[in-house]
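Structure file protein.pdb; described as PDB, C-alpha atoms.
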```
ATOM      1  CA  MET C  15     139.189 207.717  69.224  1.00  0.00           C
ATOM      2  CA  ALA C  16     139.790 206.397  65.737  1.00  0.00           C
ATOM      3  CA  GLU C  17     138.948 202.742  65.115  1.00  0.00           C
ATOM      4  CA  GLN C  18     141.923 200.357  64.943  1.00  0.00           C
ATOM      5  CA  GLU C  19     142.908 198.819  61.647  1.00  0.00           C
ATOM      6  CA  CYS C  20     142.181 195.113  61.170  1.00  0.00           C
ATOM      7  CA  GLY C  21     144.877 192.939  62.645  1.00  0.00           C
ATOM      8  CA  VAL C  22     146.247 195.634  64.980  1.00  0.00           C
ATOM      9  CA  ALA C  23     146.114 194.504  68.592  1.00  0.00           C
ATOM     10  CA  GLY C  24     145.455 196.731  71.558  1.00  0.00           C
ATOM     11  CA  GLY C  25     141.696 196.983  71.990  1.00  0.00           C
ATOM     12  CA  THR C  26     139.667 195.087  74.583  1.00  0.00           C
ATOM     13  CA  TYR C  27     137.042 194.085  72.022  1.00  0.00           C
ATOM     14  CA  PRO C  28     137.421 193.292  68.301  1.00  0.00           C
ATOM     15  CA  THR C  29     136.545 196.072  65.897  1.00  0.00           C
ATOM     16  CA  ASP C  30     133.780 195.806  63.298  1.00  0.00           C
ATOM     17  CA  CYS C  31     136.477 195.345  60.684  1.00  0.00           C
ATOM     18  CA  GLU C  32     138.030 192.457  62.617  1.00  0.00           C
ATOM     19  CA  LEU C  33     134.646 190.797  63.093  1.00  0.00           C
ATOM     20  CA  THR C  34     133.888 191.084  59.397  1.00  0.00           C
ATOM     21  CA  GLU C  35     137.279 189.643  58.499  1.00  0.00           C
ATOM     22  CA  ALA C  36     136.806 186.734  60.910  1.00  0.00           C
ATOM     23  CA  LEU C  37     133.393 185.913  59.426  1.00  0.00           C
ATOM     24  CA  ARG C  38     134.829 186.099  55.919  1.00  0.00           C
ATOM     25  CA  ASN C  39     137.690 183.752  56.813  1.00  0.00           C
ATOM     26  CA  ARG C  40     135.306 181.292  58.456  1.00  0.00           C
ATOM     27  CA  ALA C  41     133.050 181.260  55.392  1.00  0.00           C
ATOM     28  CA  MET C  42     136.024 180.702  53.107  1.00  0.00           C
ATOM     29  CA  THR C  43     137.271 177.848  55.261  1.00  0.00           C
ATOM     30  CA  ARG C  44     133.844 176.212  55.386  1.00  0.00           C
ATOM     31  CA  ASN C  45     133.407 176.356  51.621  1.00  0.00           C
ATOM     32  CA  ARG C  46     136.938 175.198  50.852  1.00  0.00           C
ATOM     33  CA  PRO C  47     136.993 171.544  49.730  1.00  0.00           C
ATOM     34  CA  PRO C  48     138.989 169.246  52.028  1.00  0.00           C
ATOM     35  CA  GLU C  49     142.481 168.268  50.980  1.00  0.00           C
ATOM     36  CA  ARG C  50     142.529 164.775  49.475  1.00  0.00           C
ATOM     37  CA  SER C  51     145.379 162.290  49.331  1.00  0.00           C
ATOM     38  CA  ALA C  52     146.786 160.967  46.084  1.00  0.00           C
ATOM     39  CA  ALA C  53     145.300 157.558  46.926  1.00  0.00           C
ATOM     40  CA  TRP C  54     141.829 159.092  47.376  1.00  0.00           C
ATOM     41  CA  LEU C  55     142.021 160.915  44.049  1.00  0.00           C
ATOM     42  CA  ALA C  56     143.266 157.810  42.246  1.00  0.00           C
ATOM     43  CA  ALA C  57     140.292 155.791  43.558  1.00  0.00           C
ATOM     44  CA  LEU C  58     137.614 158.213  42.355  1.00  0.00           C
ATOM     45  CA  PRO C  59     137.183 156.812  38.809  1.00  0.00           C
ATOM     46  CA  ARG C  60     136.433 153.321  40.110  1.00  0.00           C
ATOM     47  CA  ALA C  61     134.210 154.604  42.912  1.00  0.00           C
ATOM     48  CA  ARG C  62     132.235 156.653  40.399  1.00  0.00           C
ATOM     49  CA  GLN C  63     130.690 153.471  38.956  1.00  0.00           C
ATOM     50  CA  VAL C  64     129.653 151.860  42.262  1.00  0.00           C
ATOM     51  CA  GLN C  65     125.975 151.059  42.718  1.00  0.00           C
ATOM     52  CA  LEU C  66     126.432 148.512  45.525  1.00  0.00           C
ATOM     53  CA  LEU C  67     128.858 148.574  48.467  1.00  0.00           C
ATOM     54  CA  LEU C  68     129.367 145.269  50.271  1.00  0.00           C
ATOM     55  CA  LEU C  69     131.110 145.052  53.640  1.00  0.00           C
ATOM     56  CA  ASP C  70     132.807 142.495  55.811  1.00  0.00           C
ATOM     57  CA  VAL C  71     131.934 142.853  59.499  1.00  0.00           C
ATOM     58  CA  ASP C  72     134.757 141.866  61.880  1.00  0.00           C
ATOM     59  CA  GLY C  73     137.667 144.243  61.393  1.00  0.00           C
ATOM     60  CA  VAL C  74     135.682 146.483  59.029  1.00  0.00           C
ATOM     61  CA  LEU C  75     132.379 147.475  60.638  1.00  0.00           C
ATOM     62  CA  THR C  76     133.966 146.576  64.000  1.00  0.00           C
ATOM     63  CA  ASP C  77     137.493 146.734  65.377  1.00  0.00           C
ATOM     64  CA  GLY C  78     137.748 142.960  65.053  1.00  0.00           C
ATOM     65  CA  ALA C  79     137.255 142.172  68.738  1.00  0.00           C
ATOM     66  CA  ILE C  80     134.819 139.355  69.565  1.00  0.00           C
ATOM     67  CA  VAL C  81     133.341 139.431  73.065  1.00  0.00           C
ATOM     68  CA  TYR C  82     131.631 136.251  74.251  1.00  0.00           C
ATOM     69  CA  VAL C  83     128.690 136.811  76.595  1.00  0.00           C
ATOM     70  CA  SER C  84     126.802 134.422  78.853  1.00  0.00           C
ATOM     71  CA  GLY C  85     124.307 132.240  77.015  1.00  0.00           C
ATOM     72  CA  GLY C  86     126.597 131.717  74.031  1.00  0.00           C
ATOM     73  CA  GLY C  87     126.046 135.051  72.314  1.00  0.00           C
ATOM     74  CA  GLU C  88     128.516 137.652  71.079  1.00  0.00           C
ATOM     75  CA  ALA C  89     128.812 141.389  71.687  1.00  0.00           C
ATOM     76  CA  LYS C  90     130.042 143.734  68.968  1.00  0.00           C
ATOM     77  CA  SER C  91     130.663 147.465  68.915  1.00  0.00           C
ATOM     78  CA  PHE C  92     129.657 149.531  65.869  1.00  0.00           C
ATOM     79  CA  ASN C  93     130.625 153.078  64.937  1.00  0.00           C
ATOM     80  CA  THR C  94     127.901 155.721  64.641  1.00  0.00           C
ATOM     81  CA  GLN C  95     129.872 157.691  62.031  1.00  0.00           C
ATOM     82  CA  ASP C  96     129.970 154.575  59.875  1.00  0.00           C
ATOM     83  CA  GLY C  97     126.230 154.271  60.333  1.00  0.00           C
ATOM     84  CA  LEU C  98     125.529 157.800  59.136  1.00  0.00           C
ATOM     85  CA  GLY C  99     127.860 157.330  56.173  1.00  0.00           C
ATOM     86  CA  ILE C 100     125.963 154.203  55.170  1.00  0.00           C
ATOM     87  CA  ARG C 101     122.620 156.010  55.459  1.00  0.00           C
ATOM     88  CA  LEU C 102     123.843 158.919  53.336  1.00  0.00           C
ATOM     89  CA  LEU C 103     125.198 156.556  50.723  1.00  0.00           C
ATOM     90  CA  GLN C 104     121.885 154.713  50.574  1.00  0.00           C
ATOM     91  CA  ASP C 105     119.985 157.989  50.331  1.00  0.00           C
ATOM     92  CA  SER C 106     122.150 158.898  47.328  1.00  0.00           C
ATOM     93  CA  GLY C 107     121.023 155.742  45.535  1.00  0.00           C
ATOM     94  CA  VAL C 108     123.881 153.331  46.320  1.00  0.00           C
ATOM     95  CA  ALA C 109     122.782 150.094  48.006  1.00  0.00           C
ATOM     96  CA  VAL C 110     124.788 148.656  50.925  1.00  0.00           C
ATOM     97  CA  GLY C 111     125.055 145.081  52.168  1.00  0.00           C
ATOM     98  CA  ILE C 112     127.057 142.654  54.298  1.00  0.00           C
ATOM     99  CA  ILE C 113     128.864 139.434  53.447  1.00  0.00           C
ATOM    100  CA  THR C 114     130.495 137.844  56.489  1.00  0.00           C
ATOM    101  CA  ALA C 115     131.800 134.409  57.414  1.00  0.00           C
ATOM    102  CA  ARG C 116     130.464 134.558  60.964  1.00  0.00           C
ATOM    103  CA  SER C 117     126.860 134.741  62.176  1.00  0.00           C
ATOM    104  CA  SER C 118     125.728 137.056  64.939  1.00  0.00           C
ATOM    105  CA  GLU C 119     122.461 138.425  66.282  1.00  0.00           C
ATOM    106  CA  ALA C 120     124.236 141.741  66.849  1.00  0.00           C
ATOM    107  CA  VAL C 121     125.022 141.970  63.134  1.00  0.00           C
ATOM    108  CA  GLU C 122     121.433 141.100  62.249  1.00  0.00           C
ATOM    109  CA  ARG C 123     120.192 143.875  64.509  1.00  0.00           C
ATOM    110  CA  ARG C 124     122.650 146.407  63.111  1.00  0.00           C
ATOM    111  CA  ALA C 125     121.641 145.460  59.573  1.00  0.00           C
ATOM    112  CA  ARG C 126     117.976 146.038  60.439  1.00  0.00           C
ATOM    113  CA  ASP C 127     118.780 149.406  62.014  1.00  0.00           C
ATOM    114  CA  LEU C 128     120.545 150.494  58.832  1.00  0.00           C
ATOM    115  CA  ASN C 129     117.990 148.868  56.490  1.00  0.00           C
ATOM    116  CA  LEU C 130     120.725 147.109  54.515  1.00  0.00           C
ATOM    117  CA  ALA C 131     119.753 145.668  51.153  1.00  0.00           C
ATOM    118  CA  HIS C 132     121.740 142.417  51.461  1.00  0.00           C
ATOM    119  CA  VAL C 133     122.706 140.568  54.643  1.00  0.00           C
ATOM    120  CA  LEU C 134     124.550 137.285  54.078  1.00  0.00           C
ATOM    121  CA  GLN C 135     126.002 135.779  57.256  1.00  0.00           C
ATOM    122  CA  GLY C 136     127.776 132.457  57.748  1.00  0.00           C
ATOM    123  CA  GLN C 137     129.306 132.671  54.264  1.00  0.00           C
ATOM    124  CA  GLN C 138     132.548 130.698  54.229  1.00  0.00           C
ATOM    125  CA  ASP C 139     132.654 131.085  50.454  1.00  0.00           C
ATOM    126  CA  LYS C 140     132.134 134.815  50.045  1.00  0.00           C
ATOM    127  CA  LEU C 141     132.640 134.746  46.295  1.00  0.00           C
ATOM    128  CA  THR C 142     129.664 132.396  45.827  1.00  0.00           C
ATOM    129  CA  ALA C 143     127.555 134.687  48.017  1.00  0.00           C
ATOM    130  CA  TYR C 144     128.635 137.647  45.911  1.00  0.00           C
ATOM    131  CA  GLU C 145     127.749 135.858  42.665  1.00  0.00           C
ATOM    132  CA  SER C 146     124.256 135.222  44.029  1.00  0.00           C
ATOM    133  CA  ILE C 147     123.836 138.950  44.637  1.00  0.00           C
ATOM    134  CA  LEU C 148     124.975 139.754  41.089  1.00  0.00           C
ATOM    135  CA  LYS C 149     122.450 137.291  39.728  1.00  0.00           C
ATOM    136  CA  ALA C 150     119.639 138.708  41.850  1.00  0.00           C
ATOM    137  CA  THR C 151     120.373 142.364  41.103  1.00  0.00           C
ATOM    138  CA  GLY C 152     121.657 142.212  37.538  1.00  0.00           C
ATOM    139  CA  LEU C 153     124.688 144.288  38.513  1.00  0.00           C
ATOM    140  CA  ARG C 154     128.083 143.792  36.901  1.00  0.00           C
ATOM    141  CA  PRO C 155     131.360 143.610  38.896  1.00  0.00           C
ATOM    142  CA  PRO C 156     132.489 147.155  37.903  1.00  0.00           C
ATOM    143  CA  GLN C 157     129.326 148.459  39.563  1.00  0.00           C
ATOM    144  CA  THR C 158     130.146 146.825  42.902  1.00  0.00           C
ATOM    145  CA  ALA C 159     132.569 147.532  45.746  1.00  0.00           C
ATOM    146  CA  TYR C 160     133.721 145.413  48.673  1.00  0.00           C
ATOM    147  CA  MET C 161     135.648 146.266  51.832  1.00  0.00           C
ATOM    148  CA  GLY C 162     137.535 143.526  53.661  1.00  0.00           C
ATOM    149  CA  ASP C 163     140.496 143.146  55.981  1.00  0.00           C
ATOM    150  CA  ASP C 164     141.843 139.579  55.834  1.00  0.00           C
ATOM    151  CA  LEU C 165     142.738 136.720  53.512  1.00  0.00           C
ATOM    152  CA  MET C 166     139.211 135.282  53.334  1.00  0.00           C
ATOM    153  CA  ASP C 167     138.189 138.499  51.623  1.00  0.00           C
ATOM    154  CA  LEU C 168     140.802 138.293  48.879  1.00  0.00           C
ATOM    155  CA  PRO C 169     138.777 136.338  46.250  1.00  0.00           C
ATOM    156  CA  LEU C 170     135.956 138.849  46.500  1.00  0.00           C
ATOM    157  CA  LEU C 171     138.276 141.858  46.576  1.00  0.00           C
ATOM    158  CA  ASN C 172     139.841 140.562  43.359  1.00  0.00           C
ATOM    159  CA  ARG C 173     136.417 140.366  41.699  1.00  0.00           C
ATOM    160  CA  VAL C 174     134.744 143.702  42.426  1.00  0.00           C
ATOM    161  CA  GLY C 175     135.267 146.916  40.506  1.00  0.00           C
ATOM    162  CA  PHE C 176     136.337 148.865  43.591  1.00  0.00           C
ATOM    163  CA  ALA C 177     138.184 147.063  46.395  1.00  0.00           C
ATOM    164  CA  ALA C 178     138.864 148.805  49.707  1.00  0.00           C
ATOM    165  CA  ALA C 179     140.481 147.884  53.013  1.00  0.00           C
ATOM    166  CA  PRO C 180     140.677 149.537  56.443  1.00  0.00           C
ATOM    167  CA  ALA C 181     143.999 150.712  57.854  1.00  0.00           C
ATOM    168  CA  ASN C 182     144.122 147.658  60.151  1.00  0.00           C
ATOM    169  CA  ALA C 183     143.875 145.133  57.279  1.00  0.00           C
ATOM    170  CA  VAL C 184     146.673 142.614  56.921  1.00  0.00           C
ATOM    171  CA  ALA C 185     149.519 143.650  54.635  1.00  0.00           C
ATOM    172  CA  GLU C 186     148.585 141.160  51.899  1.00  0.00           C
ATOM    173  CA  ILE C 187     145.181 142.825  51.596  1.00  0.00           C
ATOM    174  CA  ARG C 188     146.429 146.419  51.738  1.00  0.00           C
ATOM    175  CA  GLN C 189     148.798 145.637  48.889  1.00  0.00           C
ATOM    176  CA  ARG C 190     146.028 144.348  46.635  1.00  0.00           C
ATOM    177  CA  VAL C 191     143.129 146.792  47.037  1.00  0.00           C
ATOM    178  CA  HIS C 192     142.409 149.983  45.149  1.00  0.00           C
ATOM    179  CA  TYR C 193     142.104 152.053  48.335  1.00  0.00           C
ATOM    180  CA  THR C 194     143.211 151.696  51.952  1.00  0.00           C
ATOM    181  CA  THR C 195     141.539 154.022  54.415  1.00  0.00           C
ATOM    182  CA  GLU C 196     143.369 156.218  56.874  1.00  0.00           C
ATOM    183  CA  ARG C 197     141.011 155.036  59.622  1.00  0.00           C
ATOM    184  CA  ALA C 198     140.808 151.583  61.160  1.00  0.00           C
ATOM    185  CA  GLY C 199     137.867 149.207  61.121  1.00  0.00           C
ATOM    186  CA  GLY C 200     135.216 150.158  63.666  1.00  0.00           C
ATOM    187  CA  ARG C 201     136.802 153.612  63.858  1.00  0.00           C
ATOM    188  CA  GLY C 202     135.320 155.334  60.823  1.00  0.00           C
ATOM    189  CA  ALA C 203     136.889 153.335  57.975  1.00  0.00           C
ATOM    190  CA  VAL C 204     133.506 152.564  56.415  1.00  0.00           C
ATOM    191  CA  ARG C 205     132.499 156.232  56.667  1.00  0.00           C
ATOM    192  CA  GLU C 206     135.663 157.145  54.765  1.00  0.00           C
ATOM    193  CA  VAL C 207     134.769 154.801  51.911  1.00  0.00           C
ATOM    194  CA  CYS C 208     131.163 156.029  51.878  1.00  0.00           C
ATOM    195  CA  ASP C 209     132.383 159.616  51.617  1.00  0.00           C
ATOM    196  CA  LEU C 210     134.780 158.666  48.832  1.00  0.00           C
ATOM    197  CA  ILE C 211     131.991 157.073  46.791  1.00  0.00           C
ATOM    198  CA  LEU C 212     129.690 160.027  47.440  1.00  0.00           C
ATOM    199  CA  GLU C 213     132.368 162.469  46.305  1.00  0.00           C
ATOM    200  CA  ALA C 214     133.196 160.400  43.229  1.00  0.00           C
ATOM    201  CA  GLN C 215     129.547 160.521  42.192  1.00  0.00           C
ATOM    202  CA  GLY C 216     129.170 164.240  42.901  1.00  0.00           C
ATOM    203  CA  ASN C 217     126.858 163.729  45.889  1.00  0.00           C
ATOM    204  CA  LEU C 218     129.007 164.400  48.961  1.00  0.00           C
ATOM    205  CA  ALA C 219     128.451 168.148  49.243  1.00  0.00           C
ATOM    206  CA  ARG C 220     124.727 167.744  48.552  1.00  0.00           C
ATOM    207  CA  MET C 221     124.280 165.097  51.237  1.00  0.00           C
ATOM    208  CA  GLN C 222     126.304 167.071  53.789  1.00  0.00           C
ATOM    209  CA  ALA C 223     124.356 170.248  53.031  1.00  0.00           C
ATOM    210  CA  ARG C 224     121.258 168.625  54.507  1.00  0.00           C
ATOM    211  CA  PHE C 225     122.783 169.221  57.955  1.00  0.00           C
ATOM    212  CA  ASP C 226     124.293 172.676  57.343  1.00  0.00           C
ATOM    213  CA  ARG C 227     121.399 174.970  58.224  1.00  0.00           C
TER     214      ARG C 227
END
```

Can you present the structure in this file as structure tokens?
Amino acid sequence: MAEQECGVAGGTYPTDCELTEALRNRAMTRNRPPERSAAWLAALPRARQVQLLLLDVDGVLTDGAIVYVSGGGEAKSFNTQDGLGIRLLQDSGVAVGIITARSSEAVERRARDLNLAHVLQGQQDKLTAYESILKATGLRPPQTAYMGDDLMDLPLLNRVGFAAAPANAVAEIRQRVHYTTERAGGRGAVREVCDLILEAQGNLARMQARFDR
């Protein structure tokens, strides 16, 4: 019996032609660049210059919830996708750090796990903390990025070359930053910014290819 043409139903099993077409379509889909929003594309020029990404913690690396535990400590939940994004960004040559107003052992442990370059906790004046990092590294504001979600972050967001906020940031912050993520804090927002910076610097596909074997 003659083999069916591709796309013609009726056989129990797919024909060789249909299998070949399916593999071709899958390869084309895999190699097709993801669709990017206008906001993403507009942020690329600023992200291209970033050599240091600084992050707030509560509401950015976490969902903002603070859980008090017995003994006076705090429990925080971190996102593994954020963690991998940070590692890939660091591997590409961009340093990552934390500037946060609160102090927590959980944050200290997470920072050690991710080998962050700068960890400044208990910083009520985040701008002063940021200036100390500039002095220590020799970086200029256009080479730095910061991601925050609330009013305490505004002075620093106004200073850096690339300012970002998670989807759950307060309206006053979302209106002032260069990029607002589609994801919320603690739910992949940091990963989104890491990917944006990697793509802006031409490193996203290269870093992802390490896992595509």

Subject >> Non-local contacts of C:Ile211 (7 Å; only C-alpha atoms; under 3 positions in same chain excluded) as a list in words >> reply: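 Answer for this query is Ala61, Arg62, Val207, Cys208, Ala214 and Gln215 of chain C.
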
**OP:** Rounded to one decimal place, report the atom CA of C:Gly216-atom CA of C:Leu58 distance in Å.
**Re:**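 Separation of atom CA of C:Gly216 and atom CA of C:Leu58: 10.4 Å.
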
Original post:
Which residues, written as a PyMOL selection string, have at least one atom at most 10 Å from C:Pro169, with all atoms listed in the file counted and residues fewer than 5 positions away on the same chain left out?
Top reply: chain C and resi 139-142+174

Next, the residues of the selection above should be written as a PDB file, in the frame of the given file with C-alpha atoms.
```pdb
ATOM      1  CA  ASP C 139     132.654 131.085  50.454  1.00  0.00           C
ATOM      2  CA  LYS C 140     132.134 134.815  50.045  1.00  0.00           C
ATOM      3  CA  LEU C 141     132.640 134.746  46.295  1.00  0.00           C
ATOM      4  CA  THR C 142     129.664 132.396  45.827  1.00  0.00           C
ATOM      5  CA  VAL C 174     134.744 143.702  42.426  1.00  0.00           C
TER       6      VAL C 174
END
```

Hey, could you make a per-residue contact list for stretch 105-212 of chain C against stretch 83-92 of chain C with 8 Å as the cut-off, showing the nearest pair of atoms and its distance in Å to one decimal, counting all atoms listed in the file, sorted by chain and number, as a Markdown table?
```
| residue | atom | partner | partner_atom | distance |
| --- | --- | --- | --- | --- |
| C:Ser118 | CA | C:Glu88 | CA | 6.8 |
| C:Glu119 | CA | C:Glu88 | CA | 7.8 |
| C:Ala120 | CA | C:Lys90 | CA | 6.5 |
| C:Val121 | CA | C:Lys90 | CA | 7.9 |
| C:Gly200 | CA | C:Phe92 | CA | 6.0 |
```

Please, which residues in stretch 133-199 of chain C fall within 10 Å of stretch 46-53 of chain C when counting all atoms listed in the file, and what is the closest atom pair and distance in Å to one decimal for each, ordered by chain then residue number, as JSON lines?
```
{"residue": "C:His192", "atom": "CA", "partner": "C:Ala53", "partner_atom": "CA", "distance": 8.3}
{"residue": "C:Tyr193", "atom": "CA", "partner": "C:Ala53", "partner_atom": "CA", "distance": 6.5}
{"residue": "C:Thr194", "atom": "CA", "partner": "C:Ala53", "partner_atom": "CA", "distance": 8.0}
{"residue": "C:Thr195", "atom": "CA", "partner": "C:Ala53", "partner_atom": "CA", "distance": 9.1}
{"residue": "C:Glu196", "atom": "CA", "partner": "C:Ser51", "partner_atom": "CA", "distance": 9.9}
```

Subject >> Explicit residues for the PyMOL selection byres ((chain C and resi 206) around 10) (as a PyMOL selection string) >> reply: chain C and resi 54+95-96+99+180+194-198+201-205+207-212

Using C-alpha atoms, can you write the selected residues to a file as a PDB file, in the frame of the given file?
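What follows is the written file out.pdb:
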```pdb
ATOM      1  CA  TRP C  54     141.829 159.092  47.376  1.00  0.00           C
ATOM      2  CA  GLN C  95     129.872 157.691  62.031  1.00  0.00           C
ATOM      3  CA  ASP C  96     129.970 154.575  59.875  1.00  0.00           C
ATOM      4  CA  GLY C  99     127.860 157.330  56.173  1.00  0.00           C
ATOM      5  CA  PRO C 180     140.677 149.537  56.443  1.00  0.00           C
ATOM      6  CA  THR C 194     143.211 151.696  51.952  1.00  0.00           C
ATOM      7  CA  THR C 195     141.539 154.022  54.415  1.00  0.00           C
ATOM      8  CA  GLU C 196     143.369 156.218  56.874  1.00  0.00           C
ATOM      9  CA  ARG C 197     141.011 155.036  59.622  1.00  0.00           C
ATOM     10  CA  ALA C 198     140.808 151.583  61.160  1.00  0.00           C
ATOM     11  CA  ARG C 201     136.802 153.612  63.858  1.00  0.00           C
ATOM     12  CA  GLY C 202     135.320 155.334  60.823  1.00  0.00           C
ATOM     13  CA  ALA C 203     136.889 153.335  57.975  1.00  0.00           C
ATOM     14  CA  VAL C 204     133.506 152.564  56.415  1.00  0.00           C
ATOM     15  CA  ARG C 205     132.499 156.232  56.667  1.00  0.00           C
ATOM     16  CA  VAL C 207     134.769 154.801  51.911  1.00  0.00           C
ATOM     17  CA  CYS C 208     131.163 156.029  51.878  1.00  0.00           C
ATOM     18  CA  ASP C 209     132.383 159.616  51.617  1.00  0.00           C
ATOM     19  CA  LEU C 210     134.780 158.666  48.832  1.00  0.00           C
ATOM     20  CA  ILE C 211     131.991 157.073  46.791  1.00  0.00           C
ATOM     21  CA  LEU C 212     129.690 160.027  47.440  1.00  0.00           C
TER      22      LEU C 212
END
```

Neighbouring residues of C:Gly73 were defined as those with any atom within 9 Å, considering only C-alpha atoms; residues of the same chain fewer than 3 positions away were excluded. Please report them as a short mmCIF file (atom, residue, chain, number, x, y, z; two decimals) with C-alpha atoms, keeping the file's coordinate frame.
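After the write, part.cif holds the following:
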```cif
data_model
loop_
_atom_site.label_atom_id
_atom_site.label_comp_id
_atom_site.auth_asym_id
_atom_site.auth_seq_id
_atom_site.Cartn_x
_atom_site.Cartn_y
_atom_site.Cartn_z
CA ASP C 70 132.81 142.50 55.81
CA THR C 76 133.97 146.58 64.00
CA ASP C 77 137.49 146.73 65.38
CA GLY C 78 137.75 142.96 65.05
CA ALA C 79 137.26 142.17 68.74
CA GLY C 162 137.54 143.53 53.66
CA ASP C 163 140.50 143.15 55.98
CA ASP C 164 141.84 139.58 55.83
CA PRO C 180 140.68 149.54 56.44
CA ASN C 182 144.12 147.66 60.15
CA ALA C 183 143.88 145.13 57.28
CA ALA C 198 140.81 151.58 61.16
CA GLY C 199 137.87 149.21 61.12
CA GLY C 200 135.22 150.16 63.67
#
```

Subject >> Atom-to-atom span, atom CA of C:Val133 and atom CA of C:Ile147, Å >> reply: 10.2 Å

For the PyMOL selection byres ((chain C and resi 103-106) around 9), applied here, can you spell out every residue it catches as an mmCIF file with C-alpha atoms, keeping the file's coordinate frame?
```
data_model
loop_
_atom_site.group_PDB
_atom_site.id
_atom_site.type_symbol
_atom_site.label_atom_id
_atom_site.label_comp_id
_atom_site.auth_asym_id
_atom_site.auth_seq_id
_atom_site.Cartn_x
_atom_site.Cartn_y
_atom_site.Cartn_z
ATOM 1 C CA LEU C 98 125.529 157.800 59.136
ATOM 2 C CA GLY C 99 127.860 157.330 56.173
ATOM 3 C CA ILE C 100 125.963 154.203 55.170
ATOM 4 C CA ARG C 101 122.620 156.010 55.459
ATOM 5 C CA LEU C 102 123.843 158.919 53.336
ATOM 6 C CA GLY C 107 121.023 155.742 45.535
ATOM 7 C CA VAL C 108 123.881 153.331 46.320
ATOM 8 C CA ALA C 109 122.782 150.094 48.006
ATOM 9 C CA VAL C 110 124.788 148.656 50.925
ATOM 10 C CA LEU C 130 120.725 147.109 54.515
ATOM 11 C CA CYS C 208 131.163 156.029 51.878
ATOM 12 C CA ASP C 209 132.383 159.616 51.617
ATOM 13 C CA ILE C 211 131.991 157.073 46.791
ATOM 14 C CA LEU C 212 129.690 160.027 47.440
ATOM 15 C CA ASN C 217 126.858 163.729 45.889
ATOM 16 C CA LEU C 218 129.007 164.400 48.961
ATOM 17 C CA MET C 221 124.280 165.097 51.237
#
```

Subject >> Spatial neighbours of C:Ala115, 9 Å, all atoms listed in the file, chain gap at least 3 places, as an MDAnalysis selection string >> reply: chainID C and resid 70:71 134:140 166

Original post:
the PyMOL selection byres ((chain C and resi 148) around 12) on the file shown: which residues, as a list in words?
Top reply: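 Selection result, ordered by chain and number: Gln65, Leu66, Leu68, His132, Leu141, Thr142, Ala143, Tyr144, Glu145, Ser146, Ile147, Lys149, Ala150, Thr151, Gly152, Leu153, Arg154, Pro155, Pro156, Gln157, Thr158, Ala159, Arg173 and Val174 of chain C.
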
Original post:
Separation of atom CA of C:Leu171 and atom CA of C:Thr94, in Å?
Top reply: 25.0 Å

Would you save stretch 114-145 of chain C from the block above with C-alpha atoms, as a PDB file, in the first residue's frame?
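Contents of decode-v2.pdb, freshly written:
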```pdb
ATOM      1  CA  THR C 114      18.862  45.411  51.982  1.00  0.00           C
ATOM      2  CA  ALA C 115      17.516  47.362  54.938  1.00  0.00           C
ATOM      3  CA  ARG C 116      16.866  44.264  57.035  1.00  0.00           C
ATOM      4  CA  SER C 117      19.345  41.725  58.413  1.00  0.00           C
ATOM      5  CA  SER C 118      18.762  37.994  58.284  1.00  0.00           C
ATOM      6  CA  GLU C 119      20.801  34.827  58.689  1.00  0.00           C
ATOM      7  CA  ALA C 120      18.752  33.305  55.868  1.00  0.00           C
ATOM      8  CA  VAL C 121      19.931  36.049  53.514  1.00  0.00           C
ATOM      9  CA  GLU C 122      23.528  35.555  54.626  1.00  0.00           C
ATOM     10  CA  ARG C 123      23.260  31.851  53.883  1.00  0.00           C
ATOM     11  CA  ARG C 124      21.669  32.427  50.486  1.00  0.00           C
ATOM     12  CA  ALA C 125      24.388  34.933  49.617  1.00  0.00           C
ATOM     13  CA  ARG C 126      27.066  32.373  50.506  1.00  0.00           C
ATOM     14  CA  ASP C 127      25.340  29.702  48.419  1.00  0.00           C
ATOM     15  CA  LEU C 128      25.347  32.022  45.411  1.00  0.00           C
ATOM     16  CA  ASN C 129      28.843  33.421  46.108  1.00  0.00           C
ATOM     17  CA  LEU C 130      27.609  37.007  45.813  1.00  0.00           C
ATOM     18  CA  ALA C 131      30.242  39.699  45.429  1.00  0.00           C
ATOM     19  CA  HIS C 132      28.607  42.266  47.743  1.00  0.00           C
ATOM     20  CA  VAL C 133      26.303  41.607  50.698  1.00  0.00           C
ATOM     21  CA  LEU C 134      25.234  44.724  52.606  1.00  0.00           C
ATOM     22  CA  GLN C 135      22.489  44.085  55.163  1.00  0.00           C
ATOM     23  CA  GLY C 136      20.950  46.474  57.683  1.00  0.00           C
ATOM     24  CA  GLN C 137      21.374  49.402  55.282  1.00  0.00           C
ATOM     25  CA  GLN C 138      18.741  52.019  56.068  1.00  0.00           C
ATOM     26  CA  ASP C 139      20.524  54.410  53.720  1.00  0.00           C
ATOM     27  CA  LYS C 140      20.913  52.288  50.606  1.00  0.00           C
ATOM     28  CA  LEU C 141      22.372  55.105  48.543  1.00  0.00           C
ATOM     29  CA  THR C 142      25.336  55.461  50.927  1.00  0.00           C
ATOM     30  CA  ALA C 143      25.886  51.699  50.751  1.00  0.00           C
ATOM     31  CA  TYR C 144      25.807  51.892  46.967  1.00  0.00           C
ATOM     32  CA  GLU C 145      28.333  54.745  46.906  1.00  0.00           C
TER      33      GLU C 145
END
```
